[in-house]
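Read the structure below first, then the notes.
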Number of protein chains: 2
Amino acid sequence: MAPHPPDTPATEPDTLAAAAPWAHGAAYVRPLDLRGRIDLTHGAGGRATHQLVSELFLPAFAPAGAPPSGSGRHASPPGEDAAVLGADCSPPAGHRLVLSTDAHVVSPLCFPGGDIGRLGVHGSVNDLAMMGAQPLCLSVSFILEEGLPLADLQQVARSMGEAAREAGVRIATGDTKVVERGKADRLYLSVSALGHVAPGVTLSATQARPGDAILLSGRVGEHGLAVLSQRQGLQFDAPIASDTAALHRLVAAMLASGARLRLLRDPTRGGVATALNEIAASSGVGMVLEEAAVPLQPAVSAACELLGLDALYLANEGKLLAICAPDDADALLATMRAHPLGQDAARIGTVVADPHGFVQARTALGGVRLLDWLSGDPLPRIC
Amino acid sequence: MAPHPPDTPATEPDTLAAAAPWAHGAAYVRPLDLRGRIDLTHGAGGRATHQLVSELFLPAFAPAGAPPSGSGRHASPPGEDAAVLGADCSPPAGHRLVLSTDAHVVSPLCFPGGDIGRLGVHGSVNDLAMMGAQPLCLSVSFILEEGLPLADLQQVARSMGEAAREAGVRIATGDTKVVERGKADRLYLSVSALGHVAPGVTLSATQARPGDAILLSGRVGEHGLAVLSQRQGLQFDAPIASDTAALHRLVAAMLASGARLRLLRDPTRGGVATALNEIAASSGVGMVLEEAAVPLQPAVSAACELLGLDALYLANEGKLLAICAPDDADALLATMRAHPLGQDAARIGTVVADPHGFVQARTALGGVRLLDWLSGDPLPRIC
């Protein structure tokens, strides 16, 4: 084997070379230079693509306990077209499979509290969790713009690996394409998640009934404002960070509580107001919200006032709405508050009979305002 | 209900209104105007997003036998975050799950023989098939550029639905994001596929052994040239159409033949030459190809000569390479030729012992040339 470049430690390239399939060939291939940038060859399916997978993605995505290299212990080694899932990625007997997918185009890529990589993992895991499901594994698909610094891509990939390990879910397979400069905005990401749901768990947006309680797991608007502040260079008195988090463990605790849970929904794009309108329409009911009961960080409240934004329409990435039978609301709220991601949970309203499907908010001053669906897009590319 | 606009038939809006969740509300929402264009509101998660899903995607994706509307029979109605898979999308007992994902950025979106929608379905189904798996369902993720004509999006969605119905696979769930004009090139698509593989089927790129036969299922280079001709406005004497096709039924027949199959690989980006180099590297073997044995349409051969392209490096989207035990090659070839997608199948070479992992081609004139990995990217955005 050819000598290593002098500025890299002797051990790491050895590991990588052993993992890189072309290391079997005669030519010695230089390790990926992370000071470089993405070019079209990284998406062409040849050596550069494989080097990107073996030297950047696989080490970043390595499951907990595995060596940080593409040594074949990963579910989908670079030489295969798809991941055959092992026993650790298979559902328990009797459970149904659940599939979700989320595209991410957030701009900028990094913001206080997270980046597109964490968001991608959390978004897909949460989509599963809202059906009462636990995640088994993820697939990831990158669309990269020519010229993207490799170091930025590595940071995103490492965030994804970290978020996946925290969530206890494996990144099983992936794909990468590259488009010419100016044909994308640095990096777009799609993440699909495969999960499983226990027999008898049948959450659905169609199941809200008049009288049901509406619970919210915590303070709203933080993700939307964190991205907006980063994008516009705004500085608030108190820093506002994204709430991005994986909610499946909170959901597992809520399901285990035995409460008669009708449905869950994560209020992402369009915020709490839009999510409630979707549920109201799907269930053919109305809703009345107590605006003062909605948990809100003072800094978010102040920023919304300053910028003329309504926190009820701002995106969240680590919160959920739960609708349950009224008699079970207190116990379910106690369960939520006992979990770190639900400690600020509150009962924020009630489902009512309303053939028009209106969502109304009782304001702190005693008035009533209609919370319509989000129209227009005040904050594009928020996730 | 408000009267229908006079220029639309009375029946279709009825169906769509019944399917559209906001139809429960008081406000009458105009049906999607397909003469319009994508704007940022279609990705904001509000009414416009839901209208796009209910009126454009769900009718296009409807499974065979279902009414062409989002009437809730679809696995993932617009009101839910993820698809809980029914018995028709669950693996047989004892089968392992297989997950694949493919991003598609092909330019232009439509080309002779297909479009990005057909390609997206076939690409992911074929990734599963190369592991010996049959598909259960798909998830789709769209990244749309502001200004994309809705009619173009509908055409792509209809192609996807058609390709999925032909392949017998259901589009179970999806997501859509919109980016500003100039931040994407019309439309990017990611498709993930979930499938299942029978016990005992363990195809892997690591399993080629010296002496094994290398089979190819048909004529190469057609997809690459079809996209190139459309992009550059080239006209060939005989029209060249993409070979895009779903290969899982051909694979099922090959597996059922009982041949000792080591591995399958679809020679997409980078073509036959790059796919063989990947296999050679993964298995630690060399390969010798008989160039004259590679099936080639005369029009492709002529176009390659004219343009200075090597057909062995051109992308294919409906072909597979199979490596099998030498004694089984004739029987396997007969099985392949009996299938419409394998009628031009040929034995094109042999696996040899070679510590360097070289892939060599014996030319028609009796010489030998080295087929290296694809380097550079002669045809970017081919899939």
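As shown in the structure tokens, the chain order sets the letters A, B, ...; within each chain, residues go from 1, and ligands are also counted from 1 in the order they appear.
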
Find the residues of chain A that sit at most 6 Å from chain B; for each, write down the nearest two atoms and how far apart they are in Å, to one decimal. Count only C-alpha atoms. Sort by chain, then by number going up, and give it as CSV.
```
residue,atom,partner,partner_atom,distance
A:Pro21,CA,B:Ala281,CA,5.1
A:Trp22,CA,B:Ala281,CA,5.5
A:His24,CA,B:Ala281,CA,5.7
A:Gly25,CA,B:His356,CA,4.5
A:Ala26,CA,B:His356,CA,5.1
A:Thr41,CA,B:Gly376,CA,5.2
A:Ala44,CA,B:Asp377,CA,5.6
A:Gly45,CA,B:Arg269,CA,5.4
A:Gly46,CA,B:Leu374,CA,5.0
A:Asp81,CA,B:Asp127,CA,5.1
A:Ala82,CA,B:Ser100,CA,4.5
A:Ala83,CA,B:Leu99,CA,5.2
A:Val84,CA,B:Val98,CA,4.4
A:Leu85,CA,B:Leu97,CA,5.4
A:Leu97,CA,B:Leu85,CA,5.5
A:Val98,CA,B:Val84,CA,4.4
A:Leu99,CA,B:Ala83,CA,5.2
A:Ser100,CA,B:Ala82,CA,4.5
A:Thr101,CA,B:Gly174,CA,5.7
A:Asp102,CA,B:Asp175,CA,5.4
A:Ala103,CA,B:Ser141,CA,5.9
A:Asp127,CA,B:Asp81,CA,5.1
A:Leu128,CA,B:Ala82,CA,5.8
A:Ser141,CA,B:Ala103,CA,5.9
A:Gly174,CA,B:Thr101,CA,5.7
A:Asp175,CA,B:Asp102,CA,5.4
A:Lys183,CA,B:Ala184,CA,4.8
A:Ala184,CA,B:Ala184,CA,4.5
A:Asp185,CA,B:Lys183,CA,5.4
A:Arg269,CA,B:Gly45,CA,5.3
A:Gly270,CA,B:Gly45,CA,5.7
A:Ala281,CA,B:Pro21,CA,5.1
A:Ser282,CA,B:Pro21,CA,5.5
A:His356,CA,B:Gly25,CA,4.5
A:Gly357,CA,B:Gly25,CA,5.1
A:Trp373,CA,B:Gly46,CA,5.9
A:Leu374,CA,B:Gly46,CA,5.0
A:Gly376,CA,B:Thr41,CA,5.2
A:Asp377,CA,B:Thr41,CA,5.4
```

Chain A post-superposition (all in-order Cα pairs with chain B) as a short mmCIF file (atom, residue, chain, number, x, y, z; two decimals) with C-alpha atoms, in the first residue's frame:
```
data_model
loop_
_atom_site.label_atom_id
_atom_site.label_comp_id
_atom_site.auth_asym_id
_atom_site.auth_seq_id
_atom_site.Cartn_x
_atom_site.Cartn_y
_atom_site.Cartn_z
CA MET A 1 -72.54 23.97 -1.12
CA ALA A 2 -71.66 26.77 -3.48
CA PRO A 3 -72.28 26.18 -7.20
CA HIS A 4 -69.50 24.68 -9.28
CA PRO A 5 -67.60 26.89 -11.68
CA PRO A 6 -69.46 26.56 -15.00
CA ASP A 7 -66.55 25.10 -16.95
CA THR A 8 -66.06 21.98 -14.84
CA PRO A 9 -68.28 18.91 -14.92
CA ALA A 10 -70.64 18.67 -11.98
CA THR A 11 -69.53 15.26 -10.80
CA GLU A 12 -65.80 15.66 -10.37
CA PRO A 13 -65.69 18.65 -8.03
CA ASP A 14 -68.29 16.88 -5.88
CA THR A 15 -65.95 13.94 -5.43
CA LEU A 16 -63.00 16.17 -4.77
CA ALA A 17 -64.88 18.38 -2.35
CA ALA A 18 -65.95 15.31 -0.41
CA ALA A 19 -62.34 14.23 -0.26
CA ALA A 20 -60.90 17.61 0.63
CA PRO A 21 -60.87 18.02 4.38
CA TRP A 22 -61.51 21.76 4.28
CA ALA A 23 -64.78 21.15 2.47
CA HIS A 24 -66.22 20.64 5.97
CA GLY A 25 -65.54 24.29 6.64
CA ALA A 26 -67.85 27.07 5.68
CA ALA A 27 -65.76 28.59 2.90
CA TYR A 28 -66.02 27.04 -0.53
CA VAL A 29 -62.54 26.50 -1.92
CA ARG A 30 -62.12 26.67 -5.68
CA PRO A 31 -60.75 23.47 -7.21
CA LEU A 32 -57.07 23.57 -8.11
CA ASP A 33 -56.60 25.37 -11.44
CA LEU A 34 -54.24 23.17 -13.43
CA ARG A 35 -53.38 26.07 -15.71
CA GLY A 36 -51.64 27.63 -12.69
CA ARG A 37 -48.15 27.30 -11.28
CA ILE A 38 -46.56 26.16 -8.05
CA ASP A 39 -46.05 28.95 -5.55
CA LEU A 40 -44.62 29.00 -2.04
CA THR A 41 -48.04 28.47 -0.43
CA HIS A 42 -48.14 24.95 -1.92
CA GLY A 43 -45.29 24.06 0.42
CA ALA A 44 -46.46 25.97 3.49
CA GLY A 45 -48.57 23.19 4.99
CA GLY A 46 -51.82 25.15 4.84
CA ARG A 47 -54.83 24.92 2.57
CA ALA A 48 -52.87 25.09 -0.69
CA THR A 49 -50.66 22.15 0.34
CA HIS A 50 -53.68 20.06 1.22
CA GLN A 51 -55.42 20.98 -1.99
CA LEU A 52 -52.35 19.86 -3.95
CA VAL A 53 -52.32 16.54 -2.11
CA SER A 54 -56.05 15.89 -2.36
CA GLU A 55 -56.68 17.12 -5.89
CA LEU A 56 -53.45 16.36 -7.71
CA PHE A 57 -51.39 13.68 -5.93
CA LEU A 58 -54.05 11.37 -4.48
CA PRO A 59 -56.05 10.96 -7.70
CA ALA A 60 -52.81 10.34 -9.63
CA PHE A 61 -51.51 7.82 -7.08
CA ALA A 62 -54.80 5.96 -6.53
CA PRO A 63 -54.16 2.21 -6.41
CA ALA A 64 -55.70 -0.01 -9.08
CA GLY A 65 -59.39 -0.56 -8.45
CA ALA A 66 -59.79 2.44 -6.17
CA PRO A 67 -61.86 5.44 -7.23
CA PRO A 68 -59.65 8.25 -8.54
CA SER A 69 -60.04 10.49 -5.53
CA GLY A 70 -58.60 10.96 -2.10
CA SER A 71 -61.57 9.28 -0.54
CA GLY A 72 -59.74 7.80 2.39
CA ARG A 73 -59.11 4.42 0.74
CA HIS A 74 -55.57 5.48 0.04
CA ALA A 75 -53.12 4.14 2.62
CA SER A 76 -52.19 7.63 3.77
CA PRO A 77 -55.11 10.06 3.67
CA PRO A 78 -54.07 13.71 3.60
CA GLY A 79 -55.02 14.15 7.24
CA GLU A 80 -52.41 11.74 8.66
CA ASP A 81 -48.66 12.14 9.18
CA ALA A 82 -47.61 8.64 8.15
CA ALA A 83 -49.06 5.53 6.53
CA VAL A 84 -49.98 2.58 8.72
CA LEU A 85 -49.58 -0.33 6.32
CA GLY A 86 -52.40 -2.79 5.88
CA ALA A 87 -52.21 -6.50 5.25
CA ASP A 88 -51.69 -5.86 1.51
CA CYS A 89 -48.46 -4.00 2.32
CA SER A 90 -47.04 -6.43 4.86
CA PRO A 91 -44.37 -9.07 4.28
CA PRO A 92 -45.14 -12.80 4.28
CA ALA A 93 -44.13 -14.58 7.49
CA GLY A 94 -40.42 -15.28 7.74
CA HIS A 95 -39.44 -12.79 5.04
CA ARG A 96 -36.97 -10.04 5.90
CA LEU A 97 -37.74 -6.38 5.18
CA VAL A 98 -35.66 -4.47 2.63
CA LEU A 99 -35.45 -0.68 2.37
CA SER A 100 -34.07 1.40 -0.51
CA THR A 101 -34.07 5.05 -1.47
CA ASP A 102 -33.23 6.96 -4.63
CA ALA A 103 -33.06 10.68 -5.37
CA HIS A 104 -33.88 11.81 -8.91
CA VAL A 105 -32.68 15.03 -10.51
CA VAL A 106 -32.85 14.02 -14.19
CA SER A 107 -32.87 16.90 -16.65
CA PRO A 108 -35.03 17.31 -18.67
CA LEU A 109 -38.00 15.95 -16.70
CA CYS A 110 -39.40 14.15 -19.75
CA PHE A 111 -37.41 12.19 -22.33
CA PRO A 112 -38.16 9.56 -24.98
CA GLY A 113 -39.52 6.49 -23.20
CA GLY A 114 -40.21 8.02 -19.81
CA ASP A 115 -40.03 10.86 -17.32
CA ILE A 116 -38.76 11.51 -13.81
CA GLY A 117 -41.91 9.98 -12.35
CA ARG A 118 -41.53 6.58 -14.03
CA LEU A 119 -37.82 6.67 -13.31
CA GLY A 120 -38.47 7.35 -9.62
CA VAL A 121 -40.75 4.35 -9.23
CA HIS A 122 -38.56 2.01 -11.29
CA GLY A 123 -35.33 3.12 -9.63
CA SER A 124 -36.45 2.29 -6.12
CA VAL A 125 -38.24 -0.92 -7.08
CA ASN A 126 -35.08 -2.04 -8.91
CA ASP A 127 -32.86 -1.27 -5.94
CA LEU A 128 -35.01 -3.69 -3.94
CA ALA A 129 -35.07 -6.22 -6.77
CA MET A 130 -31.25 -6.31 -6.88
CA MET A 131 -31.34 -7.77 -3.36
CA GLY A 132 -33.83 -10.39 -4.58
CA ALA A 133 -36.72 -8.52 -2.96
CA GLN A 134 -40.29 -7.81 -4.04
CA PRO A 135 -41.79 -4.35 -3.35
CA LEU A 136 -44.52 -3.65 -0.78
CA CYS A 137 -44.98 0.10 -0.97
CA LEU A 138 -43.34 3.43 -1.78
CA SER A 139 -42.98 6.82 -0.14
CA VAL A 140 -42.39 9.87 -2.31
CA SER A 141 -40.89 13.25 -1.53
CA PHE A 142 -41.10 16.23 -3.88
CA ILE A 143 -38.97 19.37 -3.89
CA LEU A 144 -40.66 21.82 -6.25
CA GLU A 145 -39.42 25.09 -7.70
CA GLU A 146 -41.76 28.04 -7.47
CA GLY A 147 -43.19 28.62 -10.95
CA LEU A 148 -43.40 24.95 -11.99
CA PRO A 149 -46.57 24.55 -14.09
CA LEU A 150 -49.11 22.46 -12.18
CA ALA A 151 -49.85 20.58 -15.39
CA ASP A 152 -46.22 19.39 -15.52
CA LEU A 153 -46.41 18.24 -11.92
CA GLN A 154 -49.64 16.43 -12.67
CA GLN A 155 -48.04 14.65 -15.61
CA VAL A 156 -45.16 13.47 -13.41
CA ALA A 157 -47.55 12.38 -10.66
CA ARG A 158 -49.70 10.47 -13.14
CA SER A 159 -46.61 8.74 -14.52
CA MET A 160 -45.67 7.70 -11.01
CA GLY A 161 -49.15 6.35 -10.33
CA GLU A 162 -49.16 4.45 -13.61
CA ALA A 163 -45.69 2.99 -13.05
CA ALA A 164 -46.63 1.99 -9.49
CA ARG A 165 -49.85 0.28 -10.63
CA GLU A 166 -47.98 -1.56 -13.39
CA ALA A 167 -45.42 -2.71 -10.84
CA GLY A 168 -48.15 -3.76 -8.40
CA VAL A 169 -46.85 -1.46 -5.67
CA ARG A 170 -48.71 1.20 -3.69
CA ILE A 171 -47.60 4.78 -3.09
CA ALA A 172 -48.34 4.88 0.62
CA THR A 173 -47.24 8.32 1.78
CA GLY A 174 -45.40 11.45 0.71
CA ASP A 175 -44.26 14.99 1.39
CA THR A 176 -43.93 18.17 -0.67
CA LYS A 177 -41.75 21.22 -0.18
CA VAL A 178 -41.46 24.31 -2.38
CA VAL A 179 -38.36 26.48 -2.81
CA GLU A 180 -38.07 29.91 -4.39
CA ARG A 181 -37.63 30.41 -8.11
CA GLY A 182 -34.02 29.69 -9.07
CA LYS A 183 -33.36 27.50 -6.00
CA ALA A 184 -34.17 24.21 -7.75
CA ASP A 185 -34.52 23.04 -11.35
CA ARG A 186 -38.29 22.56 -11.68
CA LEU A 187 -38.67 19.35 -9.69
CA TYR A 188 -36.56 16.94 -7.65
CA LEU A 189 -37.93 13.64 -6.46
CA SER A 190 -36.91 11.11 -3.83
CA VAL A 191 -38.58 7.73 -3.67
CA SER A 192 -38.11 5.17 -0.92
CA ALA A 193 -39.27 1.60 -1.34
CA LEU A 194 -40.09 -0.99 1.28
CA GLY A 195 -39.94 -4.62 0.20
CA HIS A 196 -39.45 -8.14 1.44
CA VAL A 197 -37.08 -10.94 0.61
CA ALA A 198 -37.65 -14.66 1.10
CA PRO A 199 -35.60 -16.65 3.59
CA GLY A 200 -32.48 -18.10 1.99
CA VAL A 201 -32.12 -15.38 -0.64
CA THR A 202 -28.80 -13.70 0.22
CA LEU A 203 -27.55 -11.88 -2.85
CA SER A 204 -24.54 -9.65 -2.21
CA ALA A 205 -21.93 -7.79 -4.21
CA THR A 206 -19.31 -9.63 -2.15
CA GLN A 207 -20.20 -13.07 -3.55
CA ALA A 208 -18.69 -13.19 -7.05
CA ARG A 209 -16.14 -16.03 -7.32
CA PRO A 210 -13.54 -16.80 -9.97
CA GLY A 211 -15.13 -18.91 -12.70
CA ASP A 212 -18.63 -17.42 -12.26
CA ALA A 213 -20.55 -16.34 -15.35
CA ILE A 214 -21.55 -12.70 -15.93
CA LEU A 215 -24.95 -12.28 -17.56
CA LEU A 216 -26.61 -9.09 -18.81
CA SER A 217 -30.39 -8.91 -19.27
CA GLY A 218 -30.48 -6.86 -22.47
CA ARG A 219 -29.19 -4.03 -24.64
CA VAL A 220 -27.29 -1.23 -22.95
CA GLY A 221 -26.95 2.54 -23.19
CA GLU A 222 -30.50 3.43 -24.18
CA HIS A 223 -31.46 5.48 -21.12
CA GLY A 224 -28.29 7.56 -21.20
CA LEU A 225 -28.65 8.35 -24.89
CA ALA A 226 -32.39 9.06 -24.66
CA VAL A 227 -31.82 11.70 -21.96
CA LEU A 228 -28.80 13.14 -23.77
CA SER A 229 -30.68 13.42 -27.06
CA GLN A 230 -33.61 15.18 -25.40
CA ARG A 231 -31.33 17.55 -23.52
CA GLN A 232 -29.22 18.50 -26.51
CA GLY A 233 -31.97 18.38 -29.14
CA LEU A 234 -30.13 15.60 -31.00
CA GLN A 235 -31.97 13.52 -33.57
CA PHE A 236 -30.71 10.04 -34.38
CA ASP A 237 -31.62 8.10 -37.53
CA ALA A 238 -33.52 5.60 -35.41
CA PRO A 239 -35.18 7.02 -32.29
CA ILE A 240 -33.59 5.85 -29.03
CA ALA A 241 -35.95 5.54 -26.05
CA SER A 242 -35.12 5.00 -22.39
CA ASP A 243 -35.31 1.37 -21.25
CA THR A 244 -36.79 2.39 -17.86
CA ALA A 245 -38.65 -0.61 -16.40
CA ALA A 246 -39.32 -2.38 -13.11
CA LEU A 247 -37.26 -5.56 -12.90
CA HIS A 248 -38.74 -7.31 -9.85
CA ARG A 249 -40.79 -9.81 -11.85
CA LEU A 250 -37.78 -10.78 -13.98
CA VAL A 251 -35.84 -11.23 -10.75
CA ALA A 252 -38.60 -13.38 -9.24
CA ALA A 253 -38.42 -15.68 -12.28
CA MET A 254 -34.63 -15.88 -12.01
CA LEU A 255 -34.80 -16.75 -8.30
CA ALA A 256 -37.49 -19.37 -8.97
CA SER A 257 -35.26 -21.04 -11.57
CA GLY A 258 -33.10 -22.48 -8.80
CA ALA A 259 -29.86 -21.23 -10.41
CA ARG A 260 -27.05 -20.54 -7.93
CA LEU A 261 -27.28 -16.77 -8.26
CA ARG A 262 -24.48 -14.87 -6.45
CA LEU A 263 -25.66 -11.32 -6.96
CA LEU A 264 -27.64 -8.89 -9.11
CA ARG A 265 -26.82 -5.28 -9.95
CA ASP A 266 -28.61 -2.73 -12.12
CA PRO A 267 -26.07 -0.78 -14.18
CA THR A 268 -27.51 2.73 -13.75
CA ARG A 269 -25.19 5.76 -13.24
CA GLY A 270 -21.76 4.80 -14.57
CA GLY A 271 -23.17 1.95 -16.66
CA VAL A 272 -22.05 -1.67 -16.96
CA ALA A 273 -18.36 -0.82 -16.61
CA THR A 274 -18.76 0.97 -13.27
CA ALA A 275 -21.16 -1.63 -11.87
CA LEU A 276 -18.68 -4.42 -12.69
CA ASN A 277 -15.86 -2.47 -11.04
CA GLU A 278 -17.98 -2.08 -7.90
CA ILE A 279 -18.68 -5.81 -7.80
CA ALA A 280 -15.05 -6.69 -8.52
CA ALA A 281 -13.91 -4.47 -5.66
CA SER A 282 -16.56 -5.77 -3.23
CA SER A 283 -15.78 -9.42 -4.05
CA GLY A 284 -12.01 -9.04 -4.40
CA VAL A 285 -11.99 -10.56 -7.91
CA GLY A 286 -11.27 -9.51 -11.49
CA MET A 287 -13.52 -9.74 -14.54
CA VAL A 288 -13.01 -10.38 -18.22
CA LEU A 289 -15.69 -9.10 -20.56
CA GLU A 290 -16.24 -10.18 -24.18
CA GLU A 291 -17.07 -6.81 -25.70
CA ALA A 292 -18.71 -8.33 -28.79
CA ALA A 293 -21.12 -10.26 -26.55
CA VAL A 294 -22.61 -7.11 -24.99
CA PRO A 295 -26.08 -6.62 -26.53
CA LEU A 296 -26.25 -3.26 -28.28
CA GLN A 297 -28.94 -1.66 -30.43
CA PRO A 298 -27.39 -0.58 -33.79
CA ALA A 299 -28.71 2.96 -33.25
CA VAL A 300 -26.96 3.14 -29.87
CA SER A 301 -23.75 1.82 -31.36
CA ALA A 302 -23.90 4.42 -34.15
CA ALA A 303 -24.73 7.27 -31.76
CA CYS A 304 -21.87 6.32 -29.44
CA GLU A 305 -19.44 6.31 -32.34
CA LEU A 306 -20.69 9.69 -33.52
CA LEU A 307 -20.55 11.29 -30.07
CA GLY A 308 -17.40 9.59 -28.82
CA LEU A 309 -19.23 7.86 -25.96
CA ASP A 310 -18.61 4.36 -24.60
CA ALA A 311 -21.89 2.43 -24.28
CA LEU A 312 -20.42 0.46 -21.37
CA TYR A 313 -20.42 3.65 -19.27
CA LEU A 314 -23.92 4.85 -20.24
CA ALA A 315 -26.79 4.63 -17.74
CA ASN A 316 -29.51 1.99 -17.99
CA GLU A 317 -32.77 1.94 -16.03
CA GLY A 318 -34.29 -1.41 -16.99
CA LYS A 319 -31.34 -3.79 -17.18
CA LEU A 320 -29.55 -6.01 -14.72
CA LEU A 321 -26.25 -7.77 -14.40
CA ALA A 322 -26.38 -11.25 -12.86
CA ILE A 323 -23.45 -13.31 -11.65
CA CYS A 324 -24.05 -17.02 -11.21
CA ALA A 325 -22.28 -20.34 -10.89
CA PRO A 326 -20.87 -21.28 -14.31
CA ASP A 327 -22.83 -24.55 -14.57
CA ASP A 328 -26.11 -22.69 -14.11
CA ALA A 329 -25.46 -19.96 -16.66
CA ASP A 330 -27.25 -21.56 -19.61
CA ALA A 331 -30.40 -22.40 -17.68
CA LEU A 332 -30.51 -18.96 -16.08
CA LEU A 333 -30.04 -17.32 -19.46
CA ALA A 334 -32.95 -19.35 -20.84
CA THR A 335 -35.12 -18.19 -17.91
CA MET A 336 -34.17 -14.58 -18.54
CA ARG A 337 -34.85 -14.81 -22.28
CA ALA A 338 -38.32 -16.20 -21.58
CA HIS A 339 -39.23 -12.92 -19.81
CA PRO A 340 -40.12 -9.81 -21.88
CA LEU A 341 -37.51 -7.73 -20.02
CA GLY A 342 -34.78 -10.32 -20.60
CA GLN A 343 -35.33 -11.41 -24.17
CA ASP A 344 -31.97 -10.04 -25.35
CA ALA A 345 -30.07 -11.45 -22.36
CA ALA A 346 -26.52 -12.60 -23.02
CA ARG A 347 -23.54 -14.05 -21.25
CA ILE A 348 -20.99 -11.27 -21.49
CA GLY A 349 -18.01 -12.44 -19.46
CA THR A 350 -16.39 -14.36 -16.66
CA VAL A 351 -15.21 -13.62 -13.14
CA VAL A 352 -11.46 -14.29 -12.75
CA ALA A 353 -9.00 -14.35 -9.89
CA ASP A 354 -7.20 -10.99 -9.78
CA PRO A 355 -5.85 -9.37 -6.63
CA HIS A 356 -5.92 -6.00 -8.42
CA GLY A 357 -9.67 -6.22 -9.07
CA PHE A 358 -9.27 -5.21 -12.72
CA VAL A 359 -12.19 -5.30 -15.13
CA GLN A 360 -10.91 -5.98 -18.64
CA ALA A 361 -12.70 -6.13 -21.97
CA ARG A 362 -11.58 -8.29 -24.89
CA THR A 363 -12.34 -6.17 -27.93
CA ALA A 364 -13.82 -7.44 -31.18
CA LEU A 365 -10.39 -7.06 -32.78
CA GLY A 366 -8.76 -9.36 -30.22
CA GLY A 367 -7.13 -6.68 -28.06
CA VAL A 368 -7.70 -6.11 -24.35
CA ARG A 369 -8.63 -2.81 -22.73
CA LEU A 370 -8.99 -1.90 -19.09
CA LEU A 371 -12.48 -0.78 -18.06
CA ASP A 372 -11.77 1.54 -15.15
CA TRP A 373 -14.33 3.10 -12.81
CA LEU A 374 -16.15 6.00 -14.33
CA SER A 375 -14.16 9.12 -13.59
CA GLY A 376 -15.55 12.59 -14.05
CA ASP A 377 -19.17 12.81 -15.12
CA PRO A 378 -19.71 12.82 -18.88
CA LEU A 379 -23.51 12.98 -18.48
CA PRO A 380 -24.56 14.71 -15.26
CA ARG A 381 -28.17 14.45 -14.03
CA ILE A 382 -28.95 11.35 -16.03
CA CYS A 383 -31.29 9.97 -13.35
#
```

### Task
Could you find all residues in segment 84-255 of chain A that DSSP calls helix (DSSP H, G or I) from the backbone, and write them as a count of residues only?
54

### Task
Please give the complete set of residues from segment 77-179 of chain B that DSSP, run on the backbone, assigns to strand (DSSP E), formatted as a PyMOL selection string.
chain B and resi 83-84+96-104+110-111+114-115+134-145+170-179
